[in-house]
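So the structure is just underneath, and the comments pick up after that.
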Amino acid sequence: MVSKDEIKHLGWLSRLELTNAELDRYVSQIDEIIRYFDKLDTIPLSESEWSYSTKEVSELRDDTNRVFKWGKLQSLKNRKDGFIKGPKMS
Amino acid sequence: MPNHLYHLTANQVTCGIRNGEFSAQEYIFQILERIEKVDNKINAFILVDKQGAIEKARSIDKRLRDGGAVGELAGIAVGIKDNICIKDLKTTCASNILESYIPPYDADVIRRLKENDAIVVGKLNLDEFAMGSTTEFSRYGPTRNPWNLDYVAGGSSGGSAASVAASECAVSLGSDTGGSIRCPSSFCSVVGLKPTYGCVSRSGLISYSNSLEQIGPLGKTVLDVVMVMNAIAGIDENDQTTKPIRPIATRTSEDISTSNISSKYTAGQNKRNITIGLVKELIQGADPAVSKCIYTAVDLFEGLDCKCEETSMKSIQYALASYYTIATAEASSNLARYDNIRYGFDYDPEGYEWNTYFSNVRNNFGDEAKRRIIIGSYVLSAGYYGKYYLKAQKARERIRQEIKSLFERFDVLIGPTMPILPFKIGEKIDDPLKMYQIDIDTVIANLAGIPAISIPIGFSNSFPVGLQIMADYMGEQTLFDVASFFEKIVDVRRSPEI
Amino acid sequence: MVEVKIGLEIHCQLTGLSSKLFCPCQCDYRGEVPNTTICPICLGLPGTLPLLNKRAVAFASMISMALGCKVQERITFYRKNYFYPDLPKNFQITQYNAFGITSIGADGKVDLGAKSIGIRRVQLEEDPGRLIYENADVNANFYTLIDYNRAGVALVEIVTEPDFDNPKDVRLFLDKVTSTIEHLGVCDIKLDGSLRCDVNVSLKGGKKVEIKNINSFGDVEKALRYEITRQKTMLIREIEIKSETRHWDDARKVTMQSRTKEEEQDYKYFPEPDIPTIILGDQFISTIKAKMPELPDERKIRFLKDYALSDHVAKVLIDNKELADFFESTVKLYPSSPNEIAHWIISDLLGLVDDSKKEERSLLSGLRIEPKHIAELVKMIDQNKVNRNIAKSVLSQIARTGEMPSCVLDKMNASLIDSESKIAEAIDSIFELEISAVRDAKHNPNAMNFLLGKVMQMTRGRADPKITLNLIKARLARME
């Protein structure tokens with residue numbers, strides 16, 4: 001069973017502060033979904049897993065620098081004296 | 001000047017403009033008028049770039065008047081799913097989180113469309129961050145099915161399919177992570193392609209699940225889809241997962257390496273002696289209203305030099321669980337960057353402790369996005385990684401292996417695109433697992449990285465039914481050959497009354 | 001003896017690159033206007049994908065080989081997921097070996113003479129941005145300023161096995177690794193923050209305590225000594241040592257419990273889907289091998305053999321590439337006396353360096369001494385044109401002015417008095433003044449030295465002491 005505490009903790013790890021109503025709803029929905037996923041566990045560990053595509057080193061990006069040309073419109077916000085303003089750290 | 005230019009296919013539009021039958025401006029004004037007239041009912045567009053579209057049309061007309069060259073897609077009205085970045089044009093992913101985000105760069109596919117003189121008319125509706133199968137999870141409200149406005153258009157590229165079906169644009173781009181192009185294509189009766197993984201650059205596609213998704217075209221005909229594919233496919237230095245596309249049978253590899261896009265794929269080759277595998281599990285799992293329609297089509301093909309054989313794909317039982325495990329895992333990580341510091345909506349961070357600020361702003365994700373973030377965190381967390389994520393990757397490999405062996409026997413595999421007909425808006429929104437289960441037929445191609453196309457195959461209870469055709473890795477040309485062959489035989493193309 | 005186990009995590013910025021690890025932005029962010037060496041990729045803007053830098057892979061392979069690691073044939077990248085305001089994507093692209101060895105290097109060994117230290121892995125990863133506080137007291141700020149110029153700069157992380165049992169070996173190891181990295185030319189270690197070190201310490205096989213934020217390598221040893229004492233005290237008082245992360249307080253020279261709540265961390269590592277598995281292949285590896293520059297160990301052997309230096313002298317030179325290079329440049333200019341040159345460099349030249357510069361490992365900056373100066377000076381000594389005492393003051397003069405030694409000497413009017421007649425004149429006057437000492441000198445060596453001192457005093461040190469002594473002896477003999 002997926003528990004409410006578990007969902008709450010996962011929410012915190014993902015910086016989602018869930019309301020009680022959300023928690024209640026997600027617990028039953030996610031429990032049902034995770035139970036559905038349980039069938040995956042019947043696959044033996046010995047089987048090989050999906051391997052991502054490969055690339056030779058030679059195909060990687062060359063180490064040359066280039067200045068990015070920003071668009072006409074401002075894409076970044078919270079600017080202050082050239083810095084980006086973020087929340088306080090404590 | 002002919003009326004109803006907006007009903008034309010992309011190929012007809014660009015031929016008409018080149019031959020001087022009508023101008024790009026005349027065409028684009030009709031398109032913009034059409035959008036104005038019907039989109040309040042369909043809700044396919046999030047943003048219409050009138051000014052940009054008219055300017056582009058004007059420049060195409062001018063070049064043609066001056067005897068200059070125009071690109072392969074000259075004048076064609078294209079709609080873009082709003083999870084694909086266009087420079088200096090708002091890109092929202094239908095999320096509150098990206099309400100006012102303006103990308104400073106073009107996605108690779110946009111660069112290619114622009115170079116080929118397509119006219120981008122606007123941004124299309126989707127489920128928030130492409131997470132959904134109905135386009136109901138959009139902060140801009142659901143896109144409605146042009147065949148019945150009370151019904152879902154499918155998703156997540158609901159706007160991309162509905163806009164083409166409703167003739168608000170000739171072709172569109174969508175993205176397909178687990179069926180997001182093919183599902184709405186089937187529900188709205190258009191052609192939609194999920195290309196081979198690595199065939200089309202994902203640079204500028206806002207990630208939902210990186211290892212599964214591809215950008216792909218939607219159109220009224222297979223030829224239109226092929227034309228767009230020719231423009232957007234190919235290796236991109238901004239996406240290291242792209243691969244050189246496989247040379248088609250009749251050409252040598254030298255031709256393919258040249259940049260001339262028209263040499264990539266063709267449509268309408270008269271392909272004979274096709275060996276078709278009819279995937280039993282997909283048919284059996286479908287609503288009879290759907291499977292009946294599929295069987296009718298299969299009967300037609302069998303009379304025409306096609307060898308159709310029922311086959312089984314056992315690993316399908318793991319497909320959905322594998323797909324949702326991997327997709328939510330990747331999504332939970334992809335969506336972490338939305339902390340509203342560098343971009344997002346207006347909300348001053350000053351005075352907030354950072355954890356509080358992050359939690360506050362991230363509460364603006366919609367219901368489905370939050371749910372998938374949590375599921376993804378769950379399957380990746382220390383205690384469950386081995387049980388879910390790792391096993392999902394093993395299931396994925398099993399599926400790929402089985403598919404690979406099936407393509408040793410068949411040219412293509414077919415089945416319904418969707419196991420059910422379009423349903424009423426709101427019908428499944430409270431039952432996520434049930435909603436996930438309608439993706440069962442489409443997720444296979446994403447897991448295996450193979451191309452798959454949905455083509456209109458008929459109507460059942462006056463709702464469209466789509467046929468899904470899958471081909472082997474990099475087998476786009478085979479797909480196009482078979483799809484255009486079928487298209488000619490069944491010929492179900494018509495326009496909905498809106 | 002309480003058993004101590006220490007392991008290190010060293011972060012080395014690949015400042016030798018032109019661009020960042022995953023984007024074409026300029027790698028060198030130092031001194032740049034905030035948020036100007038950035039692009040959508042290093043800012044993690046929606047839709048961007050990492051574009052792995054080819055040379056970063058080559059540099060990391062070189063470091064791996066130099067530390068005795070096996071370079072993996074296939075490497076992969078992972079996402080390390082955690083939230084922090086300096087992290088543009090709220091995950092870091094790094095490497096991870098829990099599901100098979102796919103970091104660029106693994107299983108290495110660094111020889112420290114008496115013992116060797118295992119290298120668990122060498123991996124590539126991205127640096128985060130920098131947080132700036134307008135008010136030095138972090139708590140007093142209502143906001144944080146973020147500069148993303150550093151975000152995405154390539155880092156190589158070197159993780160050792162917990163093979164150290166004392167802080168001194170750690171220092172030796174860090175000196176060697178630093179010199180190795182310098183010799184590879186992948187990182188300018190003189191740049192502030194280009195080399196950083198986290199340590200972990202456990203006592204008696206107990207819980208591991210991690211210490212972060214040690215800004216200079218010099219403080220690593222201090223932080224370790226402090227932490228070992230702290231833990232020993234706790235053991236004596238039977239206080240349980242908890243597994244925790246502590247920070248080194250640079251001003252107070254103590255380790256402090258991290259203020260941030262150390263909640264259960266779960267980084268949810270999984271393979272980075274946007275970067276394919278990279279195949280390094282034999283050809284790549286052999287090309288890198290062929291291009292590897294001379295490493296400290298090889299260089300030391302060569303110094304012992306070619307220049308007949310002592311083991312100690314060679315080590316001091318080679319632990320700091322700057323010195324070793326200076327030495328070789330000098331020897332090239334004046335090949336006759338390598339030993340003399342080495343001694344001038346490691347005792348006299350280093351004597352002129354402030355301790356603060358030693359900490360920065362930027363020894364010769366600020367001094368105007370070049371190899372040509374030492375070469376000429378040693379040559380003059382060899383030719384008896386100057387004695388060592390004067391040469392020392394000449395050297396400190398050069399350090400300020402950068403003039404050639406001969407020029408300094410001329411100005412000092414300090415050319416060694418080697419003409420015997422001039423020295424004899426001085427001896428004559430001393431003998432007249434110091435009659436009793438002259439009398440005693442015939443049988444008392446102390447009196448003889450006294451006379452020598454007087455002559456040196458009179459000539460302001462310019463007389464060659466050897467010649468002077470011989471002349472005094474001869475003169476005394478004549479008097480008998």
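In the structure tokens, each chain is lettered A, B, ... as it comes, each chain's residues begin at 1, and ligands are numbered from 1 in order of appearance.
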
Excluding Thr42 (chain A) and its own-chain neighbours fewer than 2 positions away, which residues fall within 12 Å of it when counting only C-alpha atoms? Please give them as a PDB file with C-alpha atoms, in the first residue's frame.
ATOM      1  CA  PHE A  37       3.047  -1.438 -12.172  1.00  0.00           C
ATOM      2  CA  ASP A  38       3.690  -4.411  -9.888  1.00  0.00           C
ATOM      3  CA  LYS A  39       3.461  -6.770 -12.862  1.00  0.00           C
ATOM      4  CA  LEU A  40       6.854  -5.440 -13.952  1.00  0.00           C
ATOM      5  CA  PRO A  44      13.590 -11.642 -13.789  1.00  0.00           C
ATOM      6  CA  LEU A  45      16.474  -9.424 -12.768  1.00  0.00           C
ATOM      7  CA  SER A  46      18.765 -11.431 -15.020  1.00  0.00           C
ATOM      8  CA  GLU A  47      17.142 -10.064 -18.166  1.00  0.00           C
TER       9      GLU A  47
ATOM     10  CA  GLN B 317       1.236  -7.141 -21.207  1.00  0.00           C
ATOM     11  CA  TYR B 318       4.146  -5.134 -19.805  1.00  0.00           C
ATOM     12  CA  ALA B 321       3.361  -0.364 -16.937  1.00  0.00           C
ATOM     13  CA  LYS B 387      11.358  -2.967  -8.472  1.00  0.00           C
ATOM     14  CA  TYR B 388       9.887  -0.445 -10.889  1.00  0.00           C
ATOM     15  CA  LYS B 391      12.251  -3.593 -14.334  1.00  0.00           C
ATOM     16  CA  ALA B 392      10.478  -1.192 -16.658  1.00  0.00           C
ATOM     17  CA  LYS B 394      13.987  -4.642 -18.791  1.00  0.00           C
ATOM     18  CA  ALA B 395      10.386  -4.866 -19.981  1.00  0.00           C
TER      19      ALA B 395
END

If the cut-off is 8 Å, can you tell me the residues of chain C near chain A, counting only C-alpha atoms? I'd like them as a VMD selection string. chain C and resid 17 to 19 24 to 27 33 to 35 37 to 39 51 to 57 82 to 83 85 138 to 139 141 to 147 260 273 276 to 281 284

Restricting it to N, CA and C atoms, dump the selection as a compact mmCIF listing (two decimals), in the first residue's frame.
# COMPACT_ATOMS: atom_id res chain seq x y z
N LEU C 17 39.56 24.05 -21.10
CA LEU C 17 38.61 23.98 -22.21
C LEU C 17 38.24 25.38 -22.67
N SER C 18 37.72 25.47 -23.89
CA SER C 18 37.22 26.76 -24.38
C SER C 18 35.76 26.95 -24.01
N SER C 19 35.00 25.84 -24.04
CA SER C 19 33.56 25.96 -23.80
C SER C 19 33.16 25.10 -22.61
N PRO C 24 28.09 25.60 -25.86
CA PRO C 24 29.24 26.31 -26.43
C PRO C 24 29.59 27.62 -25.70
N CYS C 25 29.01 27.86 -24.54
CA CYS C 25 29.37 29.09 -23.81
C CYS C 25 30.82 29.04 -23.38
N GLN C 26 31.40 30.24 -23.32
CA GLN C 26 32.78 30.39 -22.86
C GLN C 26 32.92 29.78 -21.47
N CYS C 27 33.97 28.99 -21.32
CA CYS C 27 34.21 28.28 -20.06
C CYS C 27 34.76 29.21 -18.99
N VAL C 33 31.24 39.90 -16.50
CA VAL C 33 30.02 40.52 -15.98
C VAL C 33 29.01 39.40 -15.69
N PRO C 34 28.33 39.44 -14.55
CA PRO C 34 27.41 38.36 -14.19
C PRO C 34 26.41 38.06 -15.32
N ASN C 35 26.14 36.77 -15.47
CA ASN C 35 25.13 36.30 -16.43
C ASN C 35 25.37 36.78 -17.86
N THR C 37 28.10 34.91 -19.69
CA THR C 37 28.62 33.72 -20.40
C THR C 37 27.59 32.60 -20.23
N ILE C 38 26.37 32.90 -20.64
CA ILE C 38 25.28 31.93 -20.46
C ILE C 38 24.48 31.80 -21.76
N CYS C 39 23.77 30.67 -21.87
CA CYS C 39 22.91 30.45 -23.02
C CYS C 39 21.73 29.60 -22.54
N LEU C 51 24.84 19.11 -24.83
CA LEU C 51 25.67 18.77 -25.98
C LEU C 51 27.09 18.52 -25.48
N LEU C 52 27.38 17.26 -25.24
CA LEU C 52 28.63 16.89 -24.58
C LEU C 52 29.85 17.34 -25.37
N ASN C 53 30.78 17.95 -24.65
CA ASN C 53 32.02 18.50 -25.20
C ASN C 53 33.05 17.37 -25.40
N LYS C 54 33.52 17.24 -26.62
CA LYS C 54 34.45 16.17 -26.97
C LYS C 54 35.75 16.27 -26.17
N ARG C 55 36.29 17.51 -26.10
CA ARG C 55 37.59 17.64 -25.43
C ARG C 55 37.48 17.40 -23.92
N ALA C 56 36.29 17.68 -23.35
CA ALA C 56 36.10 17.40 -21.93
C ALA C 56 36.27 15.91 -21.67
N VAL C 57 35.76 15.11 -22.59
CA VAL C 57 35.91 13.66 -22.45
C VAL C 57 37.39 13.28 -22.55
N TYR C 82 18.15 16.88 -7.24
CA TYR C 82 17.91 17.58 -5.96
C TYR C 82 17.66 19.05 -6.27
N PHE C 83 16.93 19.68 -5.38
CA PHE C 83 16.59 21.09 -5.60
C PHE C 83 17.62 21.98 -4.91
N PRO C 85 18.87 26.41 -5.36
CA PRO C 85 18.75 27.59 -6.24
C PRO C 85 19.95 27.88 -7.15
N VAL C 138 24.43 35.46 5.89
CA VAL C 138 23.45 34.85 4.99
C VAL C 138 22.01 35.08 5.49
N ASN C 139 21.83 35.02 6.80
CA ASN C 139 20.49 35.15 7.37
C ASN C 139 19.89 36.54 7.22
N ASN C 141 19.84 38.38 4.60
CA ASN C 141 19.42 38.72 3.24
C ASN C 141 17.95 38.38 3.00
N PHE C 142 17.29 39.23 2.25
CA PHE C 142 15.90 38.95 1.89
C PHE C 142 15.82 38.26 0.53
N TYR C 143 16.93 38.25 -0.15
CA TYR C 143 16.98 37.54 -1.41
C TYR C 143 18.42 37.12 -1.68
N THR C 144 18.60 36.32 -2.70
CA THR C 144 19.93 35.85 -3.09
C THR C 144 20.16 36.32 -4.51
N LEU C 145 21.37 36.69 -4.84
CA LEU C 145 21.66 37.03 -6.22
C LEU C 145 22.35 35.84 -6.87
N ILE C 146 21.93 35.54 -8.07
CA ILE C 146 22.48 34.35 -8.73
C ILE C 146 23.21 34.75 -10.01
N ASP C 147 24.42 34.24 -10.12
CA ASP C 147 25.22 34.42 -11.34
C ASP C 147 25.41 33.04 -11.95
N THR C 260 21.72 23.91 7.34
CA THR C 260 20.56 23.39 6.61
C THR C 260 20.14 22.04 7.17
N PRO C 273 18.71 10.60 -20.32
CA PRO C 273 18.26 10.10 -21.63
C PRO C 273 18.71 10.96 -22.81
N PRO C 276 23.59 10.02 -25.35
CA PRO C 276 23.74 8.60 -25.67
C PRO C 276 24.92 8.00 -24.89
N THR C 277 24.98 6.69 -24.87
CA THR C 277 26.17 6.03 -24.35
C THR C 277 27.33 6.40 -25.28
N ILE C 278 28.42 6.86 -24.70
CA ILE C 278 29.55 7.29 -25.53
C ILE C 278 30.57 6.15 -25.60
N ILE C 279 30.91 5.78 -26.82
CA ILE C 279 31.90 4.72 -27.01
C ILE C 279 33.26 5.36 -27.19
N LEU C 280 34.17 5.07 -26.25
CA LEU C 280 35.49 5.69 -26.35
C LEU C 280 36.36 4.94 -27.36
N GLY C 281 36.35 3.63 -27.25
CA GLY C 281 37.04 2.84 -28.27
C GLY C 281 38.56 2.88 -28.17
N PHE C 284 40.53 5.98 -29.74
CA PHE C 284 40.49 7.19 -28.93
C PHE C 284 41.47 7.06 -27.77

Within 7 Å of chain C: residues of chain B, using only C-alpha atoms, as JSON, numbers by chain: {"B": [203, 204, 205, 206, 207, 210, 211, 238, 239, 240, 241, 333, 336, 337, 350, 351, 380, 381, 382]}

As a ChimeraX atom specification, please: every residue in region 232-448 of chain B that DSSP puts in helix (DSSP H, G or I). /B:232,253-257,261-263,280-284,288-302,316-337,354-362,367-380,385-406,432-437,443-448

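For the pair CA of Pro195 (chain B) and CA of Ala153 (chain B), the separation is 21.2 Å.
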
Set the cut-off to 8 Å and count only C-alpha atoms: what are the residues of chain B that reach chain A? Output as a tab-separated table (two decimals) with C-alpha atoms, in the first residue's frame.
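As written to disk, iface_20.tsv reads:
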chain	number	residue	atom	x	y	z
B	87	LYS	CA	11.81	32.37	-30.84
B	88	ASP	CA	10.12	35.48	-29.45
B	101	TYR	CA	7.62	32.34	-21.04
B	102	ILE	CA	9.18	33.57	-24.27
B	103	PRO	CA	11.87	31.28	-25.71
B	104	PRO	CA	15.00	32.98	-27.03
B	105	TYR	CA	15.56	30.36	-29.72
B	237	GLU	CA	24.01	19.02	-33.81
B	240	GLN	CA	22.98	14.28	-29.72
B	241	THR	CA	20.33	11.55	-29.84
B	318	TYR	CA	4.15	-5.13	-19.81
B	321	ALA	CA	3.36	-0.36	-16.94
B	322	SER	CA	6.78	-0.03	-18.52
B	325	THR	CA	7.08	4.01	-15.17
B	332	SER	CA	9.49	14.07	-12.54
B	336	ALA	CA	12.05	19.98	-11.58
B	341	ILE	CA	13.44	31.85	-10.79
B	342	ARG	CA	14.75	32.48	-14.29
B	343	TYR	CA	11.44	32.38	-16.17
B	344	GLY	CA	7.80	31.68	-15.50
B	348	ASP	CA	8.77	38.04	-6.68
B	349	PRO	CA	11.06	35.66	-4.78
B	350	GLU	CA	12.18	38.38	-2.38
B	351	GLY	CA	11.46	37.58	1.25
B	352	TYR	CA	10.70	33.89	0.71
B	353	GLU	CA	12.82	31.09	2.09
B	354	TRP	CA	13.83	29.07	-0.98
B	355	ASN	CA	12.08	25.81	-0.14
B	357	TYR	CA	9.20	29.68	-2.61
B	358	PHE	CA	9.80	26.55	-4.70
B	359	SER	CA	6.82	24.74	-3.13
B	360	ASN	CA	4.56	27.75	-3.57
B	362	ARG	CA	5.31	24.59	-8.08
B	363	ASN	CA	1.79	24.30	-6.73
B	370	LYS	CA	1.58	16.76	-10.07
B	371	ARG	CA	0.37	13.20	-10.12
B	373	ILE	CA	5.75	13.96	-10.76
B	374	ILE	CA	4.88	11.98	-7.65
B	375	ILE	CA	4.57	8.66	-9.46
B	377	SER	CA	9.53	10.15	-7.82
B	378	TYR	CA	8.08	6.98	-6.40
B	387	LYS	CA	11.36	-2.97	-8.47
B	388	TYR	CA	9.89	-0.45	-10.89
B	390	LEU	CA	14.86	-0.94	-13.57
B	391	LYS	CA	12.25	-3.59	-14.33
B	392	ALA	CA	10.48	-1.19	-16.66
B	393	GLN	CA	13.74	-0.86	-18.60
B	394	LYS	CA	13.99	-4.64	-18.79
B	395	ALA	CA	10.39	-4.87	-19.98
B	396	ARG	CA	11.21	-2.22	-22.56
B	397	GLU	CA	14.09	-4.31	-23.86
B	398	ARG	CA	11.89	-7.40	-23.99
B	431	ASP	CA	-9.87	7.91	-13.20
B	432	PRO	CA	-6.20	8.24	-14.12
B	433	LEU	CA	-5.50	4.52	-14.51

Within 9 Å of Phe164 (chain C) using only C-alpha atoms, minus same-chain residues under 6 positions, as a PyMOL selection string: chain C and resi 4-8+117+170

Determine the nearest neighbour of Gln437 (chain B) from the options B:Ile425, B:Pro419, B:Arg65, B:Glu309, counting only C-alpha atoms.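 Closest residue, counting only C-alpha atoms: B:Pro419.
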
Which of these, C:Val2, C:Ile189, C:Val199, C:Ala106, has the shortest distance to Pro162 (chain C) once you count only C-alpha atoms?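 Distance minimum relative to Pro162 (chain C) lands on C:Val199.
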
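The interatomic distance for the pair CA of Tyr197 (chain B) and CA of Gly449 (chain B) works out to 4.8 Å.
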
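With CA of Leu282 (chain B) on one side and CA of Glu476 (chain B) on the other, the separation reads 21.4 Å.
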
Residue contacts of Val378 (chain C) (7 Å, only C-alpha atoms) excluding same-chain residues fewer than 3 positions away, as a PyMOL selection string: chain C and resi 340-341+374-375+381-382

Residues near Gly113 (chain C), cut-off 12 Å, only C-alpha atoms, skip fewer than 4 positions along chain, as a list of chain:residue names: C:Lys109, C:Ile117, C:Asp169, C:Leu172, C:Phe173, C:Lys176, C:Asp297, C:Asp311, C:Lys315

Convert the current residue selection to file output with C-alpha atoms, as a short mmCIF file (atom, residue, chain, number, x, y, z; two decimals), in the first residue's frame.
data_model
loop_
_atom_site.label_atom_id
_atom_site.label_comp_id
_atom_site.auth_asym_id
_atom_site.auth_seq_id
_atom_site.Cartn_x
_atom_site.Cartn_y
_atom_site.Cartn_z
CA LYS C 109 45.93 3.90 -7.76
CA ILE C 117 45.86 5.36 -2.39
CA ASP C 169 49.34 11.65 3.75
CA LEU C 172 51.15 14.53 0.19
CA PHE C 173 48.44 13.06 -2.00
CA LYS C 176 50.85 14.96 -6.07
CA ASP C 297 56.59 10.45 -11.56
CA ASP C 311 65.29 12.58 -4.28
CA LYS C 315 60.29 16.03 -5.28
#

Using DSSP assignments from the backbone, pull out every residue in chain A that falls under strand (DSSP E or B) and give it to me as a list in words.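 Reading the DSSP output for chain A, strand (DSSP E or B) covers Thr54, Lys55, Glu56, Arg61, Arg79, Lys80, Phe83, Ile84, Lys85, Gly86 and Lys88 of chain A.
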